[in-house]
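Raw contents of my_file.txt, compact mmCIF, C-alpha atoms:
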# COMPACT_ATOMS: atom_id res chain seq x y z
CA MET Q 1408 0.00 0.00 0.00
CA SER Q 1409 1.31 3.45 -0.88
CA PHE Q 1410 0.52 6.79 0.73
CA ASP Q 1411 -0.11 10.16 -0.85
CA ILE Q 1412 1.53 11.88 2.11
CA LEU Q 1413 3.91 10.87 4.88
CA ALA Q 1414 3.42 13.41 7.69
CA ILE Q 1415 6.27 13.65 10.22
CA GLY Q 1416 6.24 16.16 13.08
CA GLY Q 1417 4.00 17.62 15.73
CA ALA Q 1418 1.04 15.68 17.11
CA HIS Q 1419 0.25 16.66 20.67
CA ILE Q 1420 -2.36 17.96 23.11
CA ASP Q 1421 -3.76 21.38 22.26
CA ARG Q 1422 -5.32 23.22 25.21
CA ARG Q 1423 -7.11 26.51 24.65
CA GLY Q 1424 -8.69 28.82 27.17
CA ARG Q 1425 -11.21 31.28 25.73
CA LEU Q 1426 -11.94 34.48 27.64
CA PHE Q 1427 -15.58 35.52 27.93
CA GLY Q 1428 -14.98 39.26 28.23
CA GLU Q 1429 -12.36 41.90 27.57
CA THR Q 1430 -8.83 40.74 28.42
CA LYS Q 1431 -7.59 42.07 31.76
CA PRO Q 1432 -3.85 41.38 32.16
CA GLY Q 1433 -2.63 40.66 35.67
CA SER Q 1434 -6.04 39.56 36.94
CA SER Q 1435 -8.43 36.61 36.89
CA ASN Q 1436 -10.46 36.42 33.68
CA PRO Q 1437 -13.68 34.37 33.33
CA GLY Q 1438 -13.47 31.85 30.53
CA GLN Q 1439 -13.62 28.20 29.50
CA TRP Q 1440 -11.03 25.50 28.72
CA PHE Q 1441 -11.10 23.30 25.65
CA GLU Q 1442 -8.74 20.39 24.87
CA GLU Q 1443 -8.12 18.32 21.74
CA ALA Q 1444 -5.34 16.73 19.72
CA GLY Q 1445 -3.35 19.21 17.65
CA GLY Q 1446 0.05 20.12 16.23
CA GLY Q 1447 1.03 21.56 12.86
CA VAL Q 1448 1.57 18.27 11.05
CA PHE Q 1449 -1.31 16.56 12.85
CA ASN Q 1450 -3.79 19.29 11.87
CA ALA Q 1451 -2.68 19.44 8.24
CA ALA Q 1452 -2.60 15.64 7.96
CA SER Q 1453 -6.12 15.34 9.41
CA ASN Q 1454 -7.46 17.86 6.89
CA LEU Q 1455 -5.73 16.10 4.01
CA SER Q 1456 -7.18 12.77 5.10
CA ARG Q 1457 -10.69 14.23 5.19
CA LEU Q 1458 -10.12 15.56 1.70
CA GLY Q 1459 -9.55 12.02 0.48
CA HIS Q 1460 -5.78 11.51 0.71
CA ARG Q 1461 -4.08 8.47 2.18
CA VAL Q 1462 -1.89 9.87 4.96
CA ARG Q 1463 0.54 8.12 7.30
CA LEU Q 1464 1.45 9.98 10.51
CA VAL Q 1465 4.82 9.51 12.23
CA ALA Q 1466 5.09 11.58 15.40
CA PRO Q 1467 6.76 11.33 18.82
CA ARG Q 1468 4.49 11.01 21.85
CA GLY Q 1469 4.63 9.87 25.45
CA GLY Q 1470 3.29 6.69 26.98
CA ASP Q 1471 0.53 8.53 28.82
CA ALA Q 1472 -3.20 9.23 28.59
CA ALA Q 1473 -2.52 12.29 26.45
CA GLY Q 1474 -0.71 10.08 23.94
CA GLN Q 1475 -3.79 7.87 23.74
CA THR Q 1476 -5.94 10.96 23.15
CA VAL Q 1477 -3.77 11.80 20.14
CA ALA Q 1478 -3.97 8.20 18.90
CA ASP Q 1479 -7.77 8.19 19.16
CA ALA Q 1480 -8.00 11.49 17.27
CA ALA Q 1481 -5.71 10.18 14.53
CA GLU Q 1482 -7.95 7.16 14.10
CA ARG Q 1483 -11.08 9.34 13.86
CA ALA Q 1484 -9.39 11.46 11.20
CA GLY Q 1485 -8.59 8.36 9.14
CA LEU Q 1486 -4.81 8.62 9.54
CA ASP Q 1487 -2.50 5.63 9.41
CA ASP Q 1488 -0.88 6.27 12.80
CA CYS Q 1489 2.71 5.08 13.33
CA PRO Q 1490 3.86 6.85 16.51
CA VAL Q 1491 7.33 6.88 18.01
CA VAL Q 1492 6.45 6.27 21.66
CA PHE Q 1493 8.68 7.24 24.59
CA LEU Q 1494 6.99 5.28 27.38
CA ASP Q 1495 8.58 7.21 30.27
CA ARG Q 1496 7.89 10.67 28.84
CA ALA Q 1497 4.92 13.02 28.70
CA THR Q 1498 3.22 13.80 25.40
CA PRO Q 1499 3.99 17.37 24.27
CA SER Q 1500 1.33 20.03 24.76
CA TYR Q 1501 0.44 23.53 23.60
CA THR Q 1502 -1.57 25.72 25.95
CA ALA Q 1503 -3.05 28.98 24.65
CA ILE Q 1504 -5.20 31.79 26.01
CA LEU Q 1505 -7.52 33.32 23.42
CA GLU Q 1506 -9.49 36.53 23.44
CA ARG Q 1507 -13.23 36.23 22.97
CA ASP Q 1508 -12.79 37.04 19.24
CA GLY Q 1509 -10.49 34.01 18.88
CA ASN Q 1510 -7.18 35.87 18.65
CA LEU Q 1511 -4.19 34.70 20.67
CA VAL Q 1512 -3.22 36.45 23.93
CA ILE Q 1513 -0.34 34.18 24.99
CA ALA Q 1514 0.67 30.54 24.66
CA LEU Q 1515 2.97 28.04 26.37
CA ALA Q 1516 4.56 25.25 24.35
CA ASP Q 1517 5.83 22.21 26.32
CA MET Q 1518 7.58 20.49 23.42
CA ALA Q 1519 10.81 19.07 24.84
CA LEU Q 1520 9.97 15.53 23.73
CA TYR Q 1521 10.29 16.51 20.06
CA ASP Q 1522 14.00 17.17 20.59
CA MET Q 1523 14.40 13.44 21.23
CA PHE Q 1524 13.31 12.65 17.66
CA SER Q 1525 16.87 12.68 16.36
CA ALA Q 1526 18.01 12.13 12.78
CA ARG Q 1527 18.87 8.51 13.55
CA ARG Q 1528 15.17 7.82 14.12
CA LEU Q 1529 14.75 8.23 10.37
CA ARG Q 1530 16.95 5.16 9.89
CA ALA Q 1531 14.44 2.94 11.65
CA ARG Q 1532 13.10 0.27 9.30
CA SER Q 1533 9.50 1.40 9.67
CA THR Q 1534 10.34 5.01 8.77
CA ARG Q 1535 12.49 4.01 5.81
CA ASP Q 1536 9.71 1.75 4.56
CA SER Q 1537 7.24 4.63 4.93
CA LEU Q 1538 9.49 6.93 2.89
CA ASP Q 1539 9.77 4.27 0.20
CA ILE Q 1540 6.00 4.21 -0.39
CA ALA Q 1541 5.17 7.91 0.07
CA ARG Q 1542 4.36 10.27 -2.79
CA HIS Q 1543 5.06 13.42 -0.76
CA VAL Q 1544 6.46 14.25 2.68
CA LEU Q 1545 5.10 16.93 5.00
CA CYS Q 1546 7.03 17.93 8.13
CA ASP Q 1547 7.01 20.81 10.58
CA ALA Q 1548 9.59 22.75 12.55
CA ASN Q 1549 8.68 21.03 15.80
CA LEU Q 1550 11.41 18.58 14.75
CA PRO Q 1551 15.08 19.36 15.50
CA GLY Q 1552 17.05 21.08 12.72
CA PRO Q 1553 19.39 18.12 12.04
CA THR Q 1554 16.39 15.80 11.76
CA ILE Q 1555 14.71 18.09 9.23
CA ALA Q 1556 17.95 18.30 7.23
CA ALA Q 1557 18.28 14.50 7.22
CA LEU Q 1558 14.64 14.13 6.20
CA ALA Q 1559 15.23 16.55 3.33
CA ASP Q 1560 18.18 14.44 2.21
CA GLU Q 1561 16.08 11.27 2.33
CA ALA Q 1562 13.28 12.86 0.29
CA THR Q 1563 15.77 14.18 -2.29
CA GLN Q 1564 17.43 10.78 -2.66
CA ARG Q 1565 14.07 9.16 -3.28
CA GLY Q 1566 12.90 11.88 -5.67
CA ILE Q 1567 9.78 12.73 -3.65
CA GLY Q 1568 8.50 16.19 -2.75
CA LEU Q 1569 8.95 17.77 0.68
CA SER Q 1570 6.80 20.49 2.21
CA ALA Q 1571 7.18 22.04 5.66
CA ILE Q 1572 5.19 24.14 8.13
CA ALA Q 1573 7.19 26.89 9.87
CA ILE Q 1574 5.31 26.67 13.23
CA SER Q 1575 6.75 29.86 14.81
CA PRO Q 1576 9.29 32.67 14.26
CA ALA Q 1577 11.71 30.88 16.59
CA LYS Q 1578 11.28 27.36 15.21
CA VAL Q 1579 11.41 28.30 11.53
CA LEU Q 1580 15.16 28.83 11.95
CA ARG Q 1581 15.50 25.04 12.31
CA LEU Q 1582 14.71 24.79 8.60
CA ARG Q 1583 17.65 26.87 7.37
CA GLU Q 1584 19.96 24.00 6.45
CA ALA Q 1585 17.20 22.22 4.55
CA LEU Q 1586 15.81 25.23 2.65
CA PRO Q 1587 17.29 24.37 -0.79
CA ARG Q 1588 15.69 20.92 -0.61
CA ILE Q 1589 12.22 22.03 0.53
CA ASP Q 1590 9.69 22.28 -2.29
CA HIS Q 1591 7.23 24.43 -0.36
CA LEU Q 1592 7.41 26.13 3.04
CA PHE Q 1593 4.27 27.51 4.70
CA LEU Q 1594 4.97 30.70 6.66
CA ASN Q 1595 3.22 33.75 8.05
CA VAL Q 1596 4.77 37.22 7.86
CA ALA Q 1597 6.46 37.01 11.28
CA GLU Q 1598 8.05 33.67 10.36
CA ALA Q 1599 9.19 34.97 6.97
CA GLU Q 1600 10.79 37.98 8.65
CA SER Q 1601 12.56 35.73 11.15
CA LEU Q 1602 13.86 33.42 8.43
CA THR Q 1603 15.13 36.16 6.10
CA GLY Q 1604 16.03 38.83 8.64
CA LYS Q 1605 14.18 41.28 6.37
CA THR Q 1606 10.85 43.05 6.15
CA ALA Q 1607 9.02 43.14 2.83
CA VAL Q 1608 8.14 46.67 1.70
CA GLN Q 1609 5.10 45.11 0.06
CA PRO Q 1610 3.84 41.49 0.19
CA GLU Q 1611 4.79 40.91 -3.44
CA ASP Q 1612 8.46 41.20 -2.41
CA TRP Q 1613 8.41 37.95 -0.41
CA PRO Q 1614 9.19 35.56 -3.30
CA SER Q 1615 12.47 37.32 -4.12
CA LEU Q 1616 13.45 37.68 -0.45
CA LEU Q 1617 12.80 34.02 0.29
CA ARG Q 1618 14.52 32.83 -2.87
CA LEU Q 1619 17.58 34.80 -1.77
CA ALA Q 1620 17.43 32.87 1.50
CA GLY Q 1621 17.66 29.63 -0.48
CA LEU Q 1622 14.00 28.58 -0.64
CA ARG Q 1623 12.65 27.13 -3.89
CA GLY Q 1624 8.98 27.59 -3.12
CA GLY Q 1625 6.72 28.79 -0.36
CA SER Q 1626 3.73 30.81 0.75
CA VAL Q 1627 3.39 33.75 3.14
CA THR Q 1628 0.08 34.53 4.83
CA SER Q 1629 -0.86 37.62 6.80
CA GLY Q 1630 -4.05 36.83 8.68
CA GLY Q 1631 -7.02 37.95 6.65
CA ARG Q 1632 -4.92 40.05 4.29
CA ILE Q 1633 -3.05 39.21 1.09
CA ALA Q 1634 -1.36 35.81 0.77
CA ILE Q 1635 1.55 35.13 -1.59
CA ALA Q 1636 2.78 31.84 -3.05
CA PHE Q 1637 5.70 31.07 -5.34
CA ASP Q 1638 7.66 28.23 -6.88
CA GLU Q 1639 10.81 28.14 -8.96
CA THR Q 1640 9.21 29.75 -12.03
CA SER Q 1641 6.22 31.84 -10.93
CA ALA Q 1642 4.44 33.66 -8.12
CA ALA Q 1643 0.81 34.41 -7.30
CA ALA Q 1644 -1.29 36.39 -4.83
CA ILE Q 1645 -4.79 36.31 -3.39
CA GLU Q 1646 -6.71 38.83 -1.30
CA PRO Q 1647 -9.22 36.85 0.77
CA ALA Q 1648 -12.73 38.09 1.33
CA PRO Q 1649 -13.31 39.33 4.91
CA VAL Q 1650 -14.23 36.60 7.41
CA THR Q 1651 -17.09 38.06 9.42
CA GLN Q 1652 -17.31 35.38 12.12
CA ILE Q 1653 -14.15 33.78 13.50
CA ALA Q 1654 -14.73 31.03 16.03
CA ASP Q 1655 -11.04 30.24 16.61
CA VAL Q 1656 -7.83 31.05 14.72
CA THR Q 1657 -6.11 27.85 15.91
CA GLY Q 1658 -5.26 25.54 13.01
CA ALA Q 1659 -6.09 28.02 10.23
CA GLY Q 1660 -2.50 28.09 8.96
CA ASP Q 1661 -2.32 24.29 9.01
CA ALA Q 1662 -5.61 24.16 7.09
CA PHE Q 1663 -4.13 26.60 4.55
CA ALA Q 1664 -1.23 24.18 4.07
CA ALA Q 1665 -3.59 21.23 3.62
CA GLY Q 1666 -5.74 23.02 1.06
CA PHE Q 1667 -2.69 24.16 -0.89
CA LEU Q 1668 -1.18 20.65 -0.99
CA ASN Q 1669 -4.54 19.16 -1.91
CA ALA Q 1670 -4.59 21.31 -5.04
CA ARG Q 1671 -0.91 20.89 -5.94
CA LEU Q 1672 -0.98 17.10 -5.59
CA ALA Q 1673 -3.88 17.12 -8.04
CA GLY Q 1674 -1.78 19.09 -10.54
CA GLY Q 1675 -3.22 22.53 -9.81
CA ASP Q 1676 -1.30 25.75 -10.48
CA LEU Q 1677 -0.36 28.35 -7.87
CA CYS Q 1678 -3.57 30.36 -8.30
CA GLY Q 1679 -5.78 27.32 -7.87
CA ALA Q 1680 -3.75 26.17 -4.87
CA LEU Q 1681 -4.06 29.59 -3.21
CA ARG Q 1682 -7.84 29.53 -3.65
CA GLN Q 1683 -8.15 26.03 -2.16
CA ALA Q 1684 -5.83 26.99 0.68
CA THR Q 1685 -7.92 30.08 1.44
CA ALA Q 1686 -11.16 28.11 1.32
CA THR Q 1687 -9.86 25.42 3.68
CA ALA Q 1688 -8.56 28.02 6.12
CA SER Q 1689 -11.93 29.83 6.04
CA ILE Q 1690 -13.76 26.63 6.95
CA THR Q 1691 -11.42 26.11 9.90
CA LEU Q 1692 -11.75 29.72 11.12
CA ALA Q 1693 -15.50 29.16 11.47
CA SER Q 1694 -14.97 26.03 13.59
CA LEU Q 1695 -14.28 25.77 17.31
CA HIS Q 1696 -11.87 22.94 16.49
CA ALA Q 1697 -8.33 23.17 15.11
CA THR Q 1698 -9.51 20.84 12.33
CA GLU Q 1699 -13.07 20.80 11.05
CA GLU Q 1700 -14.38 17.26 11.49
CA ASN Q 1701 -17.02 17.80 8.79
CA LEU Q 1702 -14.52 18.86 6.13
CA THR Q 1703 -15.17 17.03 2.85
CA PRO Q 1704 -14.21 17.58 -0.79
CA GLN Q 1705 -17.81 18.64 -1.43
CA ARG Q 1706 -17.77 21.22 1.37
CA LEU Q 1707 -14.47 22.58 0.11
CA GLU Q 1708 -15.94 22.93 -3.37
CA THR Q 1709 -18.89 24.87 -1.95
CA GLN Q 1710 -16.59 27.19 0.01
CA LEU Q 1711 -14.50 27.83 -3.11
CA ALA Q 1712 -17.45 29.67 -4.64
CA LEU Q 1713 -16.96 32.36 -1.97
CA VAL Q 1714 -13.22 32.76 -2.57
CA PRO Q 1715 -12.04 35.52 -4.95
CA ARG Q 1716 -9.79 34.86 -7.89
CA ALA Q 1717 -6.04 34.68 -7.36
CA ARG Q 1718 -3.64 36.41 -9.75
CA PHE Q 1719 -0.20 35.61 -11.07
CA LEU Q 1720 2.45 38.19 -10.25
CA PRO Q 1721 4.59 39.70 -13.02

Whole structure given in structure tokens:
Amino acid sequence: MSFDILAIGGAHIDRRGRLFGETKPGSSNPGQWFEEAGGGVFNAASNLSRLGHRVRLVAPRGGDAAGQTVADAAERAGLDDCPVVFLDRATPSYTAILERDGNLVIALADMALYDMFSARRLRARSTRDSLDIARHVLCDANLPGPTIAALADEATQRGIGLSAIAISPAKVLRLREALPRIDHLFLNVAEAESLTGKTAVQPEDWPSLLRLAGLRGGSVTSGGRIAIAFDETSAAAIEPAPVTQIADVTGAGDAFAAGFLNARLAGGDLCGALRQATATASITLASLHATEENLTPQRLETQLALVPRARFLP
């Protein structure tokens, strides 16, 4: 059996506290806690599975109840789950406080276990076998830099594509060594600025700045504003329609990545991929979950009717 996508990276517990009123720093704020499985690669992989792709997930986790929560969620999403379990360790977690409009106030990432997923783990028979039958690899910057570089080497040797999710301005720096071997990197503006050390005068400048940094292809999002995507030969832009009701911003960037890859794996061009990415992110923004459990190819097609046209850049 082959897989459309081998997803390697973050799959952990995602805890979010939503405030009921205006944020009051330094004091107790009424609100409510919500917990589910999450992580950049986990969220994107779950969306891709719901869009009809065969996806295998390889991710470190602990031998605890939280690890079982992630395993159960992977099964519900239709993922082929192949975890790397550290029985005496705790499963990583991400804890965020959100304003009542869904925007982030502050977050705490307890991700030390990911540092134990060293490059030698890629030499395990099960991982090598997974790479042999994958059409495309998706990773995220939760992994250590040397592991990402080794994964990029493995993908290059096998002639399969590699995409990556930047995760954060701090973690995107782990991708530097692998940049020339990454086919597409998903970033937001803050992550692009961290990676390049530069600020784009206008969004259309990002393709040239990121190419100078060594990247062959990527996309840069800026919340609800213009998004840019480029590959080795072209670049495109889209200006999303305003999203009037945002339930939660968590997972929107990962959904963008899933929608983009869904289109590209089907042979779509940059403009089509940007539209699908925007539509998938919009569906997730309207959901209280980091991945929308009712995402289907049919629902994505319906949402696409509300997405404006993308344009190629000169």

Select all residues near (8.1, 21.3, 0.3) (cut-off 7 Å, inclusive, file coordinates), counting all atoms listed in the file, and output them as number ranges by chain. Q: 1568-1571, 1589-1592

Extract, using only C-alpha atoms, all DNA, RNA and protein residues at most 10 Å from range 1504-1512 of chain Q, discarding same-chain residues fewer than 2 positions from it, and format them as a list in words. Arg1422, Arg1423, Gly1424, Arg1425, Leu1426, Phe1427, Gly1428, Glu1429, Thr1430, Pro1432, Gly1438, Gln1439, Trp1440, Thr1502, Ala1514, Leu1515, Gln1652, Ile1653, Ala1654, Asp1655, Val1656, Thr1657, Leu1692 and Leu1695 of chain Q

Taking C-alpha atoms for each residue, export the selection above as a PDB file, in the frame of the given file.
ATOM      1  CA  ARG Q1422      -5.320  23.220  25.210  1.00  0.00           C
ATOM      2  CA  ARG Q1423      -7.110  26.510  24.650  1.00  0.00           C
ATOM      3  CA  GLY Q1424      -8.690  28.820  27.170  1.00  0.00           C
ATOM      4  CA  ARG Q1425     -11.210  31.280  25.730  1.00  0.00           C
ATOM      5  CA  LEU Q1426     -11.940  34.480  27.640  1.00  0.00           C
ATOM      6  CA  PHE Q1427     -15.580  35.520  27.930  1.00  0.00           C
ATOM      7  CA  GLY Q1428     -14.980  39.260  28.230  1.00  0.00           C
ATOM      8  CA  GLU Q1429     -12.360  41.900  27.570  1.00  0.00           C
ATOM      9  CA  THR Q1430      -8.830  40.740  28.420  1.00  0.00           C
ATOM     10  CA  PRO Q1432      -3.850  41.380  32.160  1.00  0.00           C
ATOM     11  CA  GLY Q1438     -13.470  31.850  30.530  1.00  0.00           C
ATOM     12  CA  GLN Q1439     -13.620  28.200  29.500  1.00  0.00           C
ATOM     13  CA  TRP Q1440     -11.030  25.500  28.720  1.00  0.00           C
ATOM     14  CA  THR Q1502      -1.570  25.720  25.950  1.00  0.00           C
ATOM     15  CA  ALA Q1514       0.670  30.540  24.660  1.00  0.00           C
ATOM     16  CA  LEU Q1515       2.970  28.040  26.370  1.00  0.00           C
ATOM     17  CA  GLN Q1652     -17.310  35.380  12.120  1.00  0.00           C
ATOM     18  CA  ILE Q1653     -14.150  33.780  13.500  1.00  0.00           C
ATOM     19  CA  ALA Q1654     -14.730  31.030  16.030  1.00  0.00           C
ATOM     20  CA  ASP Q1655     -11.040  30.240  16.610  1.00  0.00           C
ATOM     21  CA  VAL Q1656      -7.830  31.050  14.720  1.00  0.00           C
ATOM     22  CA  THR Q1657      -6.110  27.850  15.910  1.00  0.00           C
ATOM     23  CA  LEU Q1692     -11.750  29.720  11.120  1.00  0.00           C
ATOM     24  CA  LEU Q1695     -14.280  25.770  17.310  1.00  0.00           C
TER      25      LEU Q1695
END

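Nearest residue to Ala1662 in chain Q, choosing from Q:Phe1449, Q:Phe1719, Q:Tyr1501, Q:Tyr1521 and counting all atoms listed in the file: Q:Phe1449.
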
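The smallest atom-to-atom distance between Ala1451 in chain Q and any of Q:Val1492, Q:Leu1617, Q:Ala1418, Q:Ala1712, using all atoms listed in the file, is found for Q:Ala1418.
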
To one decimal place, how far is CA of Ala1644 in chain Q from CA of Gly1459 in chain Q in Å?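 CA of Ala1644 in chain Q sits 26.3 Å away from CA of Gly1459 in chain Q.
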
Radius query 10 Å about (-1.3, 38.7, -14.0), atoms used: only C-alpha atoms, as number ranges by chain: Q: 1642-1644, 1717-1721

Would you pick out the contacts of Val1579 in chain Q at 12 Å or less, using all atoms listed in the file, so that residues sharing its chain but fewer than 2 positions from it are not included, and give the list as an MDAnalysis selection string? chainID Q and resid 1546:1552 1555 1571:1577 1581:1586 1592:1604

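Nearest to Thr1698 in chain Q of all the residues Q:Ala1466, Q:Ile1412, Q:Leu1455, Q:Ala1516 is Q:Leu1455, based on all atoms listed in the file.
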
Suppose you want the space between CA of Ala1557 in chain Q and CA of Arg1528 in chain Q; what is it in Å?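 Calculated distance between CA of Ala1557 in chain Q and CA of Arg1528 in chain Q is 10.1 Å.
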
Got a sec: who's within 12 Å of Gln1710 in chain Q, counting all atoms listed in the file, leaving out chain neighbours fewer than 3 positions off, as a ChimeraX atom specification? /Q:1648,1666,1682-1691,1693,1702-1707,1713-1715

From the set Q:Ala1480, Q:Leu1538, Q:Ile1513, Q:Leu1458, which residue has the shortest atom-to-atom contact distance to Ile1415 in chain Q, counting all atoms listed in the file? Q:Leu1538

Got a moment to write range 1592-1600 of chain Q out with all heavy atoms, as a PDB file, in the first residue's frame?
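Dumped to part.pdb:
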ATOM      1  N   LEU Q1592       7.414  25.811   1.615  1.00  0.00           N
ATOM      2  CA  LEU Q1592       7.414  26.125   3.036  1.00  0.00           C
ATOM      3  C   LEU Q1592       6.255  27.064   3.330  1.00  0.00           C
ATOM      4  O   LEU Q1592       6.114  28.112   2.697  1.00  0.00           O
ATOM      5  CB  LEU Q1592       8.736  26.774   3.439  1.00  0.00           C
ATOM      6  CG  LEU Q1592       8.846  27.282   4.881  1.00  0.00           C
ATOM      7  CD1 LEU Q1592       8.614  26.151   5.885  1.00  0.00           C
ATOM      8  CD2 LEU Q1592      10.204  27.930   5.106  1.00  0.00           C
ATOM      9  N   PHE Q1593       5.432  26.705   4.306  1.00  0.00           N
ATOM     10  CA  PHE Q1593       4.274  27.508   4.696  1.00  0.00           C
ATOM     11  C   PHE Q1593       4.655  28.408   5.868  1.00  0.00           C
ATOM     12  O   PHE Q1593       5.011  27.927   6.948  1.00  0.00           O
ATOM     13  CB  PHE Q1593       3.101  26.597   5.070  1.00  0.00           C
ATOM     14  CG  PHE Q1593       2.624  25.746   3.925  1.00  0.00           C
ATOM     15  CD1 PHE Q1593       3.049  24.433   3.792  1.00  0.00           C
ATOM     16  CD2 PHE Q1593       1.761  26.269   2.963  1.00  0.00           C
ATOM     17  CE1 PHE Q1593       2.628  23.653   2.723  1.00  0.00           C
ATOM     18  CE2 PHE Q1593       1.341  25.494   1.891  1.00  0.00           C
ATOM     19  CZ  PHE Q1593       1.771  24.190   1.772  1.00  0.00           C
ATOM     20  N   LEU Q1594       4.577  29.732   5.651  1.00  0.00           N
ATOM     21  CA  LEU Q1594       4.966  30.700   6.661  1.00  0.00           C
ATOM     22  C   LEU Q1594       3.903  31.782   6.803  1.00  0.00           C
ATOM     23  O   LEU Q1594       3.119  32.029   5.876  1.00  0.00           O
ATOM     24  CB  LEU Q1594       6.271  31.413   6.285  1.00  0.00           C
ATOM     25  CG  LEU Q1594       7.478  30.662   5.777  1.00  0.00           C
ATOM     26  CD1 LEU Q1594       7.624  30.842   4.273  1.00  0.00           C
ATOM     27  CD2 LEU Q1594       8.742  31.160   6.472  1.00  0.00           C
ATOM     28  N   ASN Q1595       3.923  32.481   7.953  1.00  0.00           N
ATOM     29  CA  ASN Q1595       3.225  33.750   8.047  1.00  0.00           C
ATOM     30  C   ASN Q1595       4.274  34.858   7.977  1.00  0.00           C
ATOM     31  O   ASN Q1595       5.480  34.588   7.872  1.00  0.00           O
ATOM     32  CB  ASN Q1595       2.363  33.833   9.308  1.00  0.00           C
ATOM     33  CG  ASN Q1595       3.164  33.679  10.593  1.00  0.00           C
ATOM     34  OD1 ASN Q1595       4.336  34.054  10.665  1.00  0.00           O
ATOM     35  ND2 ASN Q1595       2.533  33.134  11.623  1.00  0.00           N
ATOM     36  N   VAL Q1596       3.838  36.103   8.034  1.00  0.00           N
ATOM     37  CA  VAL Q1596       4.769  37.222   7.862  1.00  0.00           C
ATOM     38  C   VAL Q1596       5.851  37.223   8.932  1.00  0.00           C
ATOM     39  O   VAL Q1596       7.034  37.420   8.637  1.00  0.00           O
ATOM     40  CB  VAL Q1596       3.996  38.558   7.865  1.00  0.00           C
ATOM     41  CG1 VAL Q1596       4.962  39.742   7.968  1.00  0.00           C
ATOM     42  CG2 VAL Q1596       3.154  38.691   6.601  1.00  0.00           C
ATOM     43  N   ALA Q1597       5.472  36.996  10.196  1.00  0.00           N
ATOM     44  CA  ALA Q1597       6.458  37.009  11.279  1.00  0.00           C
ATOM     45  C   ALA Q1597       7.513  35.930  11.074  1.00  0.00           C
ATOM     46  O   ALA Q1597       8.702  36.147  11.327  1.00  0.00           O
ATOM     47  CB  ALA Q1597       5.766  36.829  12.625  1.00  0.00           C
ATOM     48  N   GLU Q1598       7.102  34.762  10.596  1.00  0.00           N
ATOM     49  CA  GLU Q1598       8.047  33.670  10.356  1.00  0.00           C
ATOM     50  C   GLU Q1598       8.954  33.980   9.160  1.00  0.00           C
ATOM     51  O   GLU Q1598      10.146  33.674   9.178  1.00  0.00           O
ATOM     52  CB  GLU Q1598       7.272  32.373  10.146  1.00  0.00           C
ATOM     53  CG  GLU Q1598       6.560  31.907  11.410  1.00  0.00           C
ATOM     54  CD  GLU Q1598       5.366  31.010  11.170  1.00  0.00           C
ATOM     55  OE1 GLU Q1598       4.984  30.814   9.987  1.00  0.00           O
ATOM     56  OE2 GLU Q1598       4.785  30.517  12.155  1.00  0.00           O
ATOM     57  N   ALA Q1599       8.381  34.594   8.133  1.00  0.00           N
ATOM     58  CA  ALA Q1599       9.189  34.970   6.972  1.00  0.00           C
ATOM     59  C   ALA Q1599      10.227  36.022   7.355  1.00  0.00           C
ATOM     60  O   ALA Q1599      11.374  35.974   6.893  1.00  0.00           O
ATOM     61  CB  ALA Q1599       8.281  35.492   5.855  1.00  0.00           C
ATOM     62  N   GLU Q1600       9.848  36.958   8.202  1.00  0.00           N
ATOM     63  CA  GLU Q1600      10.789  37.978   8.655  1.00  0.00           C
ATOM     64  C   GLU Q1600      11.901  37.365   9.491  1.00  0.00           C
ATOM     65  O   GLU Q1600      13.077  37.733   9.369  1.00  0.00           O
ATOM     66  CB  GLU Q1600      10.053  39.053   9.456  1.00  0.00           C
ATOM     67  CG  GLU Q1600       9.142  39.920   8.605  1.00  0.00           C
ATOM     68  CD  GLU Q1600       8.337  40.921   9.416  1.00  0.00           C
ATOM     69  OE1 GLU Q1600       8.244  40.752  10.657  1.00  0.00           O
ATOM     70  OE2 GLU Q1600       7.800  41.872   8.814  1.00  0.00           O
TER      71      GLU Q1600
END
